[in-house]
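Below is entry12.tsv, holding TSV, N, CA and C atoms.
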```tsv
chain	number	residue	atom	x	y	z
A	1	GLN	N	8.63	6.46	-17.65
A	1	GLN	CA	7.25	6.00	-17.46
A	1	GLN	C	7.12	5.36	-16.09
A	2	VAL	N	6.08	5.74	-15.38
A	2	VAL	CA	5.85	5.20	-14.05
A	2	VAL	C	5.21	3.82	-14.15
A	3	GLN	N	5.82	2.86	-13.48
A	3	GLN	CA	5.27	1.51	-13.46
A	3	GLN	C	5.27	0.97	-12.04
A	4	LEU	N	4.16	0.38	-11.67
A	4	LEU	CA	4.02	-0.25	-10.36
A	4	LEU	C	3.49	-1.65	-10.58
A	5	VAL	N	4.16	-2.64	-10.02
A	5	VAL	CA	3.75	-4.02	-10.20
A	5	VAL	C	3.66	-4.69	-8.84
A	6	GLU	N	2.44	-5.10	-8.47
A	6	GLU	CA	2.24	-5.77	-7.19
A	6	GLU	C	2.36	-7.28	-7.33
A	7	SER	N	2.70	-7.92	-6.23
A	7	SER	CA	2.72	-9.38	-6.17
A	7	SER	C	2.59	-9.79	-4.71
A	8	GLY	N	2.37	-11.09	-4.50
A	8	GLY	CA	2.36	-11.61	-3.13
A	8	GLY	C	1.00	-11.92	-2.56
A	9	GLY	N	-0.05	-11.62	-3.31
A	9	GLY	CA	-1.38	-11.94	-2.81
A	9	GLY	C	-1.63	-13.44	-2.80
A	10	GLY	N	-2.73	-13.84	-2.19
A	10	GLY	CA	-3.07	-15.25	-2.13
A	10	GLY	C	-4.20	-15.50	-1.16
A	11	SER	N	-4.39	-16.77	-0.84
A	11	SER	CA	-5.44	-17.18	0.09
A	11	SER	C	-4.82	-17.74	1.35
A	12	VAL	N	-5.29	-17.26	2.50
A	12	VAL	CA	-4.81	-17.73	3.79
A	12	VAL	C	-5.99	-17.89	4.74
A	13	GLN	N	-5.76	-18.58	5.82
A	13	GLN	CA	-6.78	-18.69	6.86
A	13	GLN	C	-6.64	-17.56	7.86
A	14	THR	N	-7.69	-17.36	8.62
A	14	THR	CA	-7.67	-16.34	9.68
A	14	THR	C	-6.46	-16.54	10.57
A	15	GLY	N	-5.77	-15.44	10.84
A	15	GLY	CA	-4.58	-15.48	11.68
A	15	GLY	C	-3.29	-15.65	10.89
A	16	GLY	N	-3.41	-15.92	9.61
A	16	GLY	CA	-2.23	-16.11	8.78
A	16	GLY	C	-1.57	-14.80	8.38
A	17	SER	N	-0.50	-14.94	7.60
A	17	SER	CA	0.28	-13.77	7.17
A	17	SER	C	0.54	-13.83	5.67
A	18	LEU	N	0.70	-12.65	5.10
A	18	LEU	CA	1.13	-12.49	3.71
A	18	LEU	C	2.01	-11.26	3.63
A	19	ARG	N	2.90	-11.26	2.66
A	19	ARG	CA	3.69	-10.07	2.39
A	19	ARG	C	3.48	-9.67	0.93
A	20	LEU	N	2.94	-8.48	0.75
A	20	LEU	CA	2.75	-7.94	-0.58
A	20	LEU	C	3.98	-7.13	-0.98
A	21	SER	N	4.29	-7.18	-2.27
A	21	SER	CA	5.41	-6.41	-2.80
A	21	SER	C	4.93	-5.50	-3.91
A	22	CYS	N	5.56	-4.35	-4.01
A	22	CYS	CA	5.27	-3.41	-5.09
A	22	CYS	C	6.60	-2.97	-5.68
A	23	ALA	N	6.87	-3.47	-6.87
A	23	ALA	CA	8.10	-3.10	-7.56
A	23	ALA	C	7.84	-1.85	-8.38
A	24	ALA	N	8.65	-0.82	-8.12
A	24	ALA	CA	8.43	0.47	-8.76
A	24	ALA	C	9.59	0.83	-9.67
A	25	SER	N	9.28	1.57	-10.72
A	25	SER	CA	10.34	2.09	-11.56
A	25	SER	C	11.21	3.01	-10.71
A	26	GLU	N	12.47	3.11	-11.06
A	26	GLU	CA	13.42	3.78	-10.18
A	26	GLU	C	13.00	5.20	-9.87
A	27	TYR	N	12.52	5.90	-10.85
A	27	TYR	CA	12.14	7.29	-10.64
A	27	TYR	C	11.02	7.39	-9.61
A	28	THR	N	10.02	6.54	-9.76
A	28	THR	CA	8.89	6.57	-8.85
A	28	THR	C	9.32	6.28	-7.43
A	29	TYR	N	10.08	5.23	-7.29
A	29	TYR	CA	10.45	4.79	-5.96
A	29	TYR	C	11.22	5.85	-5.21
A	30	SER	N	12.16	6.49	-5.87
A	30	SER	CA	13.06	7.40	-5.16
A	30	SER	C	12.44	8.77	-4.92
A	31	SER	N	11.32	9.07	-5.53
A	31	SER	CA	10.81	10.43	-5.48
A	31	SER	C	9.42	10.58	-4.91
A	32	ASN	N	8.76	9.50	-4.53
A	32	ASN	CA	7.34	9.60	-4.27
A	32	ASN	C	6.90	8.97	-2.96
A	33	CYS	N	5.83	9.56	-2.45
A	33	CYS	CA	5.06	8.91	-1.39
A	33	CYS	C	4.39	7.67	-2.00
A	34	MET	N	4.52	6.54	-1.35
A	34	MET	CA	3.95	5.28	-1.84
A	34	MET	C	2.88	4.79	-0.87
A	35	GLY	N	1.79	4.30	-1.42
A	35	GLY	CA	0.70	3.83	-0.57
A	35	GLY	C	0.15	2.48	-0.99
A	36	TRP	N	-0.50	1.84	-0.06
A	36	TRP	CA	-1.26	0.61	-0.32
A	36	TRP	C	-2.74	0.90	-0.05
A	37	PHE	N	-3.56	0.49	-1.00
A	37	PHE	CA	-5.00	0.62	-0.87
A	37	PHE	C	-5.63	-0.76	-1.04
A	38	ARG	N	-6.89	-0.87	-0.64
A	38	ARG	CA	-7.61	-2.10	-0.88
A	38	ARG	C	-9.06	-1.78	-1.23
A	39	GLN	N	-9.64	-2.71	-1.97
A	39	GLN	CA	-11.03	-2.54	-2.36
A	39	GLN	C	-11.71	-3.90	-2.36
A	40	ALA	N	-12.73	-4.01	-1.50
A	40	ALA	CA	-13.54	-5.21	-1.44
A	40	ALA	C	-14.74	-5.03	-2.37
A	41	PRO	N	-15.34	-6.12	-2.81
A	41	PRO	CA	-16.50	-6.02	-3.71
A	41	PRO	C	-17.61	-5.16	-3.10
A	42	GLY	N	-18.09	-4.20	-3.86
A	42	GLY	CA	-19.18	-3.35	-3.41
A	42	GLY	C	-18.78	-2.24	-2.46
A	43	LYS	N	-17.49	-2.10	-2.23
A	43	LYS	CA	-17.01	-1.08	-1.28
A	43	LYS	C	-16.07	-0.09	-1.97
A	44	GLU	N	-15.88	1.05	-1.33
A	44	GLU	CA	-14.96	2.05	-1.83
A	44	GLU	C	-13.52	1.59	-1.62
A	45	ARG	N	-12.64	2.10	-2.48
A	45	ARG	CA	-11.22	1.84	-2.28
A	45	ARG	C	-10.75	2.63	-1.07
A	46	GLU	N	-10.04	1.97	-0.17
A	46	GLU	CA	-9.62	2.63	1.07
A	46	GLU	C	-8.12	2.54	1.26
A	47	GLY	N	-7.57	3.57	1.88
A	47	GLY	CA	-6.15	3.58	2.17
A	47	GLY	C	-5.83	2.65	3.32
A	48	VAL	N	-4.77	1.88	3.15
A	48	VAL	CA	-4.34	0.93	4.18
A	48	VAL	C	-3.09	1.43	4.88
A	49	ALA	N	-2.11	1.85	4.11
A	49	ALA	CA	-0.85	2.33	4.67
A	49	ALA	C	-0.12	3.15	3.62
A	50	ALA	N	0.78	4.01	4.09
A	50	ALA	CA	1.58	4.80	3.17
A	50	ALA	C	2.92	5.10	3.81
A	51	ILE	N	3.93	5.34	2.95
A	51	ILE	CA	5.26	5.64	3.45
A	51	ILE	C	5.89	6.71	2.57
A	52	SER	N	6.51	7.67	3.23
A	52	SER	CA	7.15	8.77	2.50
A	52	SER	C	8.45	8.30	1.87
A	53	SER	N	8.86	9.03	0.83
A	53	SER	CA	10.15	8.76	0.22
A	53	SER	C	11.24	8.80	1.29
A	54	GLY	N	12.04	7.77	1.37
A	54	GLY	CA	13.07	7.70	2.40
A	54	GLY	C	12.60	7.04	3.68
A	55	GLY	N	11.30	6.83	3.82
A	55	GLY	CA	10.76	6.10	4.96
A	55	GLY	C	10.61	6.88	6.24
A	56	ALA	N	10.74	8.20	6.19
A	56	ALA	CA	10.69	8.99	7.41
A	56	ALA	C	9.30	9.00	8.04
A	57	TYR	N	8.26	8.89	7.21
A	57	TYR	CA	6.89	8.95	7.73
A	57	TYR	C	6.12	7.75	7.21
A	58	ALA	N	5.37	7.12	8.09
A	58	ALA	CA	4.51	6.01	7.71
A	58	ALA	C	3.16	6.18	8.38
A	59	TYR	N	2.13	5.82	7.68
A	59	TYR	CA	0.77	5.99	8.18
A	59	TYR	C	-0.01	4.70	7.95
A	60	TYR	N	-0.98	4.46	8.86
A	60	TYR	CA	-1.79	3.25	8.78
A	60	TYR	C	-3.25	3.56	9.07
A	61	ALA	N	-4.11	2.82	8.43
A	61	ALA	CA	-5.52	2.86	8.78
A	61	ALA	C	-5.71	2.23	10.16
A	62	ASP	N	-6.67	2.73	10.91
A	62	ASP	CA	-6.89	2.20	12.26
A	62	ASP	C	-7.17	0.69	12.24
A	63	SER	N	-7.82	0.25	11.19
A	63	SER	CA	-8.22	-1.15	11.11
A	63	SER	C	-7.04	-2.12	10.96
A	64	VAL	N	-5.86	-1.58	10.60
A	64	VAL	CA	-4.71	-2.47	10.38
A	64	VAL	C	-3.55	-2.15	11.32
A	65	LYS	N	-3.65	-1.11	12.10
A	65	LYS	CA	-2.56	-0.76	13.01
A	65	LYS	C	-2.22	-1.92	13.94
A	66	GLY	N	-0.93	-2.17	14.07
A	66	GLY	CA	-0.48	-3.25	14.92
A	66	GLY	C	-0.45	-4.60	14.22
A	67	ARG	N	-1.04	-4.68	13.04
A	67	ARG	CA	-1.05	-5.94	12.29
A	67	ARG	C	-0.28	-5.83	10.97
A	68	PHE	N	-0.34	-4.69	10.33
A	68	PHE	CA	0.32	-4.48	9.04
A	68	PHE	C	1.53	-3.56	9.23
A	69	THR	N	2.54	-3.79	8.40
A	69	THR	CA	3.72	-2.94	8.41
A	69	THR	C	4.14	-2.62	6.99
A	70	ILE	N	4.31	-1.34	6.69
A	70	ILE	CA	4.79	-0.93	5.37
A	70	ILE	C	6.28	-0.64	5.49
A	71	SER	N	7.03	-1.04	4.47
A	71	SER	CA	8.47	-0.83	4.50
A	71	SER	C	8.99	-0.72	3.08
A	72	GLN	N	10.29	-0.36	2.95
A	72	GLN	CA	10.88	-0.26	1.64
A	72	GLN	C	12.26	-0.89	1.63
A	73	ASP	N	12.62	-1.36	0.45
A	73	ASP	CA	13.96	-1.91	0.23
A	73	ASP	C	14.59	-1.07	-0.87
A	74	ASN	N	15.52	-0.22	-0.48
A	74	ASN	CA	16.11	0.70	-1.43
A	74	ASN	C	16.84	-0.02	-2.56
A	75	ALA	N	17.48	-1.09	-2.24
A	75	ALA	CA	18.27	-1.80	-3.24
A	75	ALA	C	17.39	-2.42	-4.33
A	76	LYS	N	16.15	-2.70	-3.99
A	76	LYS	CA	15.26	-3.38	-4.93
A	76	LYS	C	14.16	-2.48	-5.47
A	77	ASN	N	14.15	-1.22	-5.08
A	77	ASN	CA	13.08	-0.30	-5.50
A	77	ASN	C	11.71	-0.90	-5.23
A	78	THR	N	11.56	-1.47	-4.06
A	78	THR	CA	10.34	-2.20	-3.73
A	78	THR	C	9.77	-1.73	-2.40
A	79	VAL	N	8.46	-1.61	-2.37
A	79	VAL	CA	7.73	-1.31	-1.15
A	79	VAL	C	6.96	-2.56	-0.75
A	80	TYR	N	6.96	-2.86	0.53
A	80	TYR	CA	6.31	-4.06	1.02
A	80	TYR	C	5.16	-3.71	1.96
A	81	LEU	N	4.23	-4.63	2.04
A	81	LEU	CA	3.19	-4.56	3.06
A	81	LEU	C	3.13	-5.92	3.73
A	82	GLN	N	3.69	-5.98	4.93
A	82	GLN	CA	3.65	-7.21	5.72
A	82	GLN	C	2.33	-7.23	6.46
A	83	MET	N	1.56	-8.28	6.24
A	83	MET	CA	0.23	-8.38	6.83
A	83	MET	C	0.19	-9.60	7.74
A	84	ASN	N	0.02	-9.37	9.03
A	84	ASN	CA	-0.07	-10.43	10.02
A	84	ASN	C	-1.45	-10.46	10.66
A	85	SER	N	-1.75	-11.56	11.33
A	85	SER	CA	-3.04	-11.70	12.03
A	85	SER	C	-4.20	-11.34	11.11
A	86	LEU	N	-4.19	-11.88	9.94
A	86	LEU	CA	-5.20	-11.53	8.94
A	86	LEU	C	-6.58	-11.98	9.36
A	87	LYS	N	-7.55	-11.17	8.97
A	87	LYS	CA	-8.96	-11.43	9.30
A	87	LYS	C	-9.76	-11.52	8.00
A	88	PRO	N	-10.92	-12.16	8.06
A	88	PRO	CA	-11.75	-12.23	6.83
A	88	PRO	C	-12.07	-10.86	6.26
A	89	GLU	N	-12.20	-9.86	7.13
A	89	GLU	CA	-12.53	-8.51	6.64
A	89	GLU	C	-11.35	-7.85	5.92
A	90	ASP	N	-10.19	-8.48	5.93
A	90	ASP	CA	-9.05	-7.98	5.14
A	90	ASP	C	-9.12	-8.44	3.69
A	91	THR	N	-10.06	-9.30	3.39
A	91	THR	CA	-10.21	-9.80	2.02
A	91	THR	C	-10.54	-8.66	1.07
A	92	ALA	N	-9.72	-8.51	0.03
A	92	ALA	CA	-9.90	-7.42	-0.93
A	92	ALA	C	-8.85	-7.53	-2.02
A	93	MET	N	-9.01	-6.71	-3.04
A	93	MET	CA	-7.94	-6.49	-3.99
A	93	MET	C	-7.07	-5.39	-3.43
A	94	TYR	N	-5.77	-5.64	-3.39
A	94	TYR	CA	-4.84	-4.67	-2.84
A	94	TYR	C	-4.06	-4.00	-3.96
A	95	TYR	N	-3.97	-2.67	-3.88
A	95	TYR	CA	-3.32	-1.89	-4.91
A	95	TYR	C	-2.17	-1.08	-4.33
A	96	CYS	N	-1.11	-0.99	-5.09
A	96	CYS	CA	-0.01	-0.10	-4.79
A	96	CYS	C	-0.23	1.20	-5.57
A	97	ALA	N	0.13	2.31	-4.97
A	97	ALA	CA	-0.07	3.60	-5.62
A	97	ALA	C	1.06	4.55	-5.27
A	98	ALA	N	1.26	5.54	-6.14
A	98	ALA	CA	2.32	6.53	-5.92
A	98	ALA	C	1.79	7.93	-6.14
A	99	GLN	N	2.25	8.85	-5.31
A	99	GLN	CA	1.95	10.25	-5.51
A	99	GLN	C	3.08	10.90	-6.30
A	100	ARG	N	2.88	12.13	-6.69
A	100	ARG	CA	3.94	12.91	-7.33
A	100	ARG	C	4.82	13.58	-6.29
A	101	PHE	N	4.46	13.52	-5.00
A	101	PHE	CA	5.20	14.22	-3.97
A	101	PHE	C	6.03	13.25	-3.14
A	102	ARG	N	7.10	13.76	-2.54
A	102	ARG	CA	8.00	12.92	-1.79
A	102	ARG	C	7.41	12.49	-0.45
A	103	ARG	N	6.73	13.43	0.18
A	103	ARG	CA	6.25	13.13	1.52
A	103	ARG	C	4.76	12.81	1.49
A	104	CYS	N	4.38	11.82	2.31
A	104	CYS	CA	2.96	11.55	2.55
A	104	CYS	C	2.52	12.48	3.68
A	105	TRP	N	1.32	13.00	3.57
A	105	TRP	CA	0.82	13.91	4.59
A	105	TRP	C	-0.32	13.26	5.37
A	106	PRO	N	-0.44	13.60	6.65
A	106	PRO	CA	-1.44	12.91	7.49
A	106	PRO	C	-2.88	13.13	7.05
A	107	ASP	N	-3.16	14.23	6.36
A	107	ASP	CA	-4.55	14.49	5.97
A	107	ASP	C	-4.88	14.08	4.55
A	108	THR	N	-3.89	13.50	3.85
A	108	THR	CA	-4.18	13.09	2.47
A	108	THR	C	-3.69	11.69	2.12
A	109	TRP	N	-2.88	11.08	2.96
A	109	TRP	CA	-2.26	9.82	2.57
A	109	TRP	C	-3.30	8.75	2.26
A	110	TYR	N	-4.46	8.82	2.88
A	110	TYR	CA	-5.49	7.78	2.76
A	110	TYR	C	-6.46	8.04	1.61
A	111	SER	N	-6.31	9.18	0.94
A	111	SER	CA	-7.24	9.55	-0.13
A	111	SER	C	-6.73	9.06	-1.48
A	112	LYS	N	-7.54	8.29	-2.18
A	112	LYS	CA	-7.12	7.79	-3.48
A	112	LYS	C	-6.91	8.93	-4.47
A	113	ASP	N	-7.56	10.05	-4.26
A	113	ASP	CA	-7.42	11.19	-5.16
A	113	ASP	C	-6.04	11.84	-5.06
A	114	ALA	N	-5.29	11.54	-4.02
A	114	ALA	CA	-3.96	12.11	-3.85
A	114	ALA	C	-2.90	11.37	-4.65
A	115	TYR	N	-3.26	10.24	-5.22
A	115	TYR	CA	-2.31	9.38	-5.91
A	115	TYR	C	-2.49	9.46	-7.41
A	116	ASN	N	-1.36	9.44	-8.09
A	116	ASN	CA	-1.38	9.65	-9.53
A	116	ASN	C	-1.13	8.38	-10.34
A	117	TYR	N	-0.53	7.40	-9.70
A	117	TYR	CA	-0.14	6.18	-10.42
A	117	TYR	C	-0.59	4.97	-9.62
A	118	TRP	N	-1.03	3.95	-10.35
A	118	TRP	CA	-1.59	2.76	-9.71
A	118	TRP	C	-1.07	1.49	-10.36
A	119	GLY	N	-0.94	0.46	-9.53
A	119	GLY	CA	-0.64	-0.86	-10.05
A	119	GLY	C	-1.92	-1.59	-10.43
A	120	GLN	N	-1.77	-2.82	-10.88
A	120	GLN	CA	-2.92	-3.57	-11.38
A	120	GLN	C	-3.66	-4.31	-10.27
A	121	GLY	N	-3.06	-4.42	-9.10
A	121	GLY	CA	-3.72	-5.05	-7.96
A	121	GLY	C	-3.33	-6.50	-7.78
A	122	THR	N	-3.43	-6.96	-6.53
A	122	THR	CA	-3.20	-8.36	-6.20
A	122	THR	C	-4.26	-8.77	-5.17
A	123	GLN	N	-4.86	-9.93	-5.37
A	123	GLN	CA	-5.99	-10.36	-4.56
A	123	GLN	C	-5.52	-11.02	-3.26
A	124	VAL	N	-6.15	-10.62	-2.17
A	124	VAL	CA	-5.92	-11.24	-0.86
A	124	VAL	C	-7.26	-11.79	-0.38
A	125	THR	N	-7.29	-13.07	-0.05
A	125	THR	CA	-8.50	-13.71	0.45
A	125	THR	C	-8.19	-14.39	1.78
A	126	VAL	N	-8.96	-14.04	2.80
A	126	VAL	CA	-8.77	-14.62	4.13
A	126	VAL	C	-10.02	-15.39	4.49
A	127	SER	N	-9.88	-16.66	4.74
A	127	SER	CA	-11.02	-17.51	5.06
A	127	SER	C	-11.08	-17.77	6.57
A	128	SER	N	-12.30	-17.92	7.04
A	128	SER	CA	-12.49	-18.15	8.49
A	128	SER	C	-12.44	-19.62	8.83
```
In structure tokens, how does this file's structure come out?
Amino acid sequence: QVQLVESGGGSVQTGGSLRLSCAASEYTYSSNCMGWFRQAPGKEREGVAAISSGGAYAYYADSVKGRFTISQDNAKNTVYLQMNSLKPEDTAMYYCAAQRFRRCWPDTWYSKDAYNYWGQGTQVTVSS
């Protein structure tokens, strides 16, 4: 059974940092493209970052490039999203997601329809 559990959300001031974690069942972690999405109230869910199985490919939304970093820890079956220089517009519920495929592709990694499994989300709030 595929399970994704996010943690690490919270409230920070502008310019602060947070690290989100997504603990995945072993099968999911070792076999799938993993992504982070976010959804603010009244807005569509949007792709933030994604990483291919093994970490060979990583993708980022333009709005977070240079500030966010996606990574994985093989020993812990965990994917991370390090978020630096946070802005109020980063405020959202953040979700971890997994595809059925090993590699993330540049034309689909940001589409929520490409992902088959989702975590419950963790809230990030950035105050000005």
Kindly extract all protein, DNA and RNA residues lying within 7 Å of the coordinates (-7.0, -3.7, -0.7) given in the file, considering all atoms listed in the file, and supply them as an mmCIF file with N, CA and C atoms, keeping the file's coordinate frame.
```
data_model
loop_
_atom_site.group_PDB
_atom_site.id
_atom_site.type_symbol
_atom_site.label_atom_id
_atom_site.label_comp_id
_atom_site.auth_asym_id
_atom_site.auth_seq_id
_atom_site.Cartn_x
_atom_site.Cartn_y
_atom_site.Cartn_z
ATOM 1 N N TRP A 36 -0.500 1.840 -0.060
ATOM 2 C CA TRP A 36 -1.260 0.610 -0.320
ATOM 3 C C TRP A 36 -2.740 0.900 -0.050
ATOM 4 N N PHE A 37 -3.560 0.490 -1.000
ATOM 5 C CA PHE A 37 -5.000 0.620 -0.870
ATOM 6 C C PHE A 37 -5.630 -0.760 -1.040
ATOM 7 N N ARG A 38 -6.890 -0.870 -0.640
ATOM 8 C CA ARG A 38 -7.610 -2.100 -0.880
ATOM 9 C C ARG A 38 -9.060 -1.780 -1.230
ATOM 10 N N GLN A 39 -9.640 -2.710 -1.970
ATOM 11 C CA GLN A 39 -11.030 -2.540 -2.360
ATOM 12 C C GLN A 39 -11.710 -3.900 -2.360
ATOM 13 N N ALA A 40 -12.730 -4.010 -1.500
ATOM 14 C CA ALA A 40 -13.540 -5.210 -1.440
ATOM 15 C C ALA A 40 -14.740 -5.030 -2.370
ATOM 16 N N GLU A 46 -10.040 1.970 -0.170
ATOM 17 C CA GLU A 46 -9.620 2.630 1.070
ATOM 18 C C GLU A 46 -8.120 2.540 1.260
ATOM 19 N N ASP A 90 -10.190 -8.480 5.930
ATOM 20 C CA ASP A 90 -9.050 -7.980 5.140
ATOM 21 C C ASP A 90 -9.120 -8.440 3.690
ATOM 22 N N THR A 91 -10.060 -9.300 3.390
ATOM 23 C CA THR A 91 -10.210 -9.800 2.020
ATOM 24 C C THR A 91 -10.540 -8.660 1.070
ATOM 25 N N ALA A 92 -9.720 -8.510 0.030
ATOM 26 C CA ALA A 92 -9.900 -7.420 -0.930
ATOM 27 C C ALA A 92 -8.850 -7.530 -2.020
ATOM 28 N N MET A 93 -9.010 -6.710 -3.040
ATOM 29 C CA MET A 93 -7.940 -6.490 -3.990
ATOM 30 C C MET A 93 -7.070 -5.390 -3.430
ATOM 31 N N TYR A 94 -5.770 -5.640 -3.390
ATOM 32 C CA TYR A 94 -4.840 -4.670 -2.840
ATOM 33 C C TYR A 94 -4.060 -4.000 -3.960
ATOM 34 N N TYR A 95 -3.970 -2.670 -3.880
ATOM 35 C CA TYR A 95 -3.320 -1.890 -4.910
ATOM 36 C C TYR A 95 -2.170 -1.080 -4.330
#
```
(request) Can you pull out every residue within 5 Å of region 78-81 of chain A, counting all atoms listed in the file, but drop anything in the same chain fewer than 3 positions away, and send it as a ChimeraX atom specification? (result) /A:19-24,69-73
(request) Enumerate as a ChimeraX atom specification all residues of region 47-114 of chain A assigned to strand (DSSP E or B) by DSSP on the backbone, naming them with the chain letters and numbers the document uses. (result) /A:47-51,58-60,68-73,78-83,92-98
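Using only N, CA and C atoms for every distance, the candidate list A:Val12, A:Leu4, A:Ile51, A:Leu86 yields A:Ile51 as the residue closest to Trp109 (chain A).
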(message) What does the structure give for the distance between CA of Ser17 (chain A) and CA of Met83 (chain A), in Å to one decimal?
(response) 5.4 Å
(request) Select, from A:Cys96, A:Lys87, A:Lys112, A:Tyr117, the residue with the minimum atom-to-atom distance to Gly16 (chain A), counting all atoms listed in the file. (result) A:Lys87
(request) Grab the CA of Gln3 (chain A) to atom N of Ser111 (chain A) distance for me, in Å with one decimal place. (result)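 About the pair CA of Gln3 (chain A) and atom N of Ser111 (chain A): they are 20.0 Å apart.
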(request) Just list the residues in region 22-87 of chain A DSSP gives helix (DSSP H, G or I) on the backbone, as number ranges by chain. (result) A: 26-31, 74-76
(request) Considering only C-alpha atoms, state which residue in the set A:Gln120, A:Thr125, A:Gln99, A:Ser85 is at the smallest distance from Gly35 (chain A). (result)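 Result for the nearest residue to Gly35 (chain A): A:Gln99.
The list of residues with at least one atom within 8 Å of Cys33 (chain A), based on all atoms listed in the file and without residues fewer than 2 positions apart in the same chain, reads Thr28, Tyr29, Ser30, Ser31, Gly35, Trp36, Ala50, Ile51, Ser52, Ser53, Gly54, Ala97, Ala98, Gln99, Arg100, Phe101, Arg102, Arg103, Cys104, Trp105 and Tyr115 of chain A.
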(request) Compare A:Asn77, A:Ser25, A:Gln1, A:Val48 by their minimum atom-to-atom distance to Val64 (chain A), counting all atoms listed in the file, and give me the closest one. (result) A:Val48
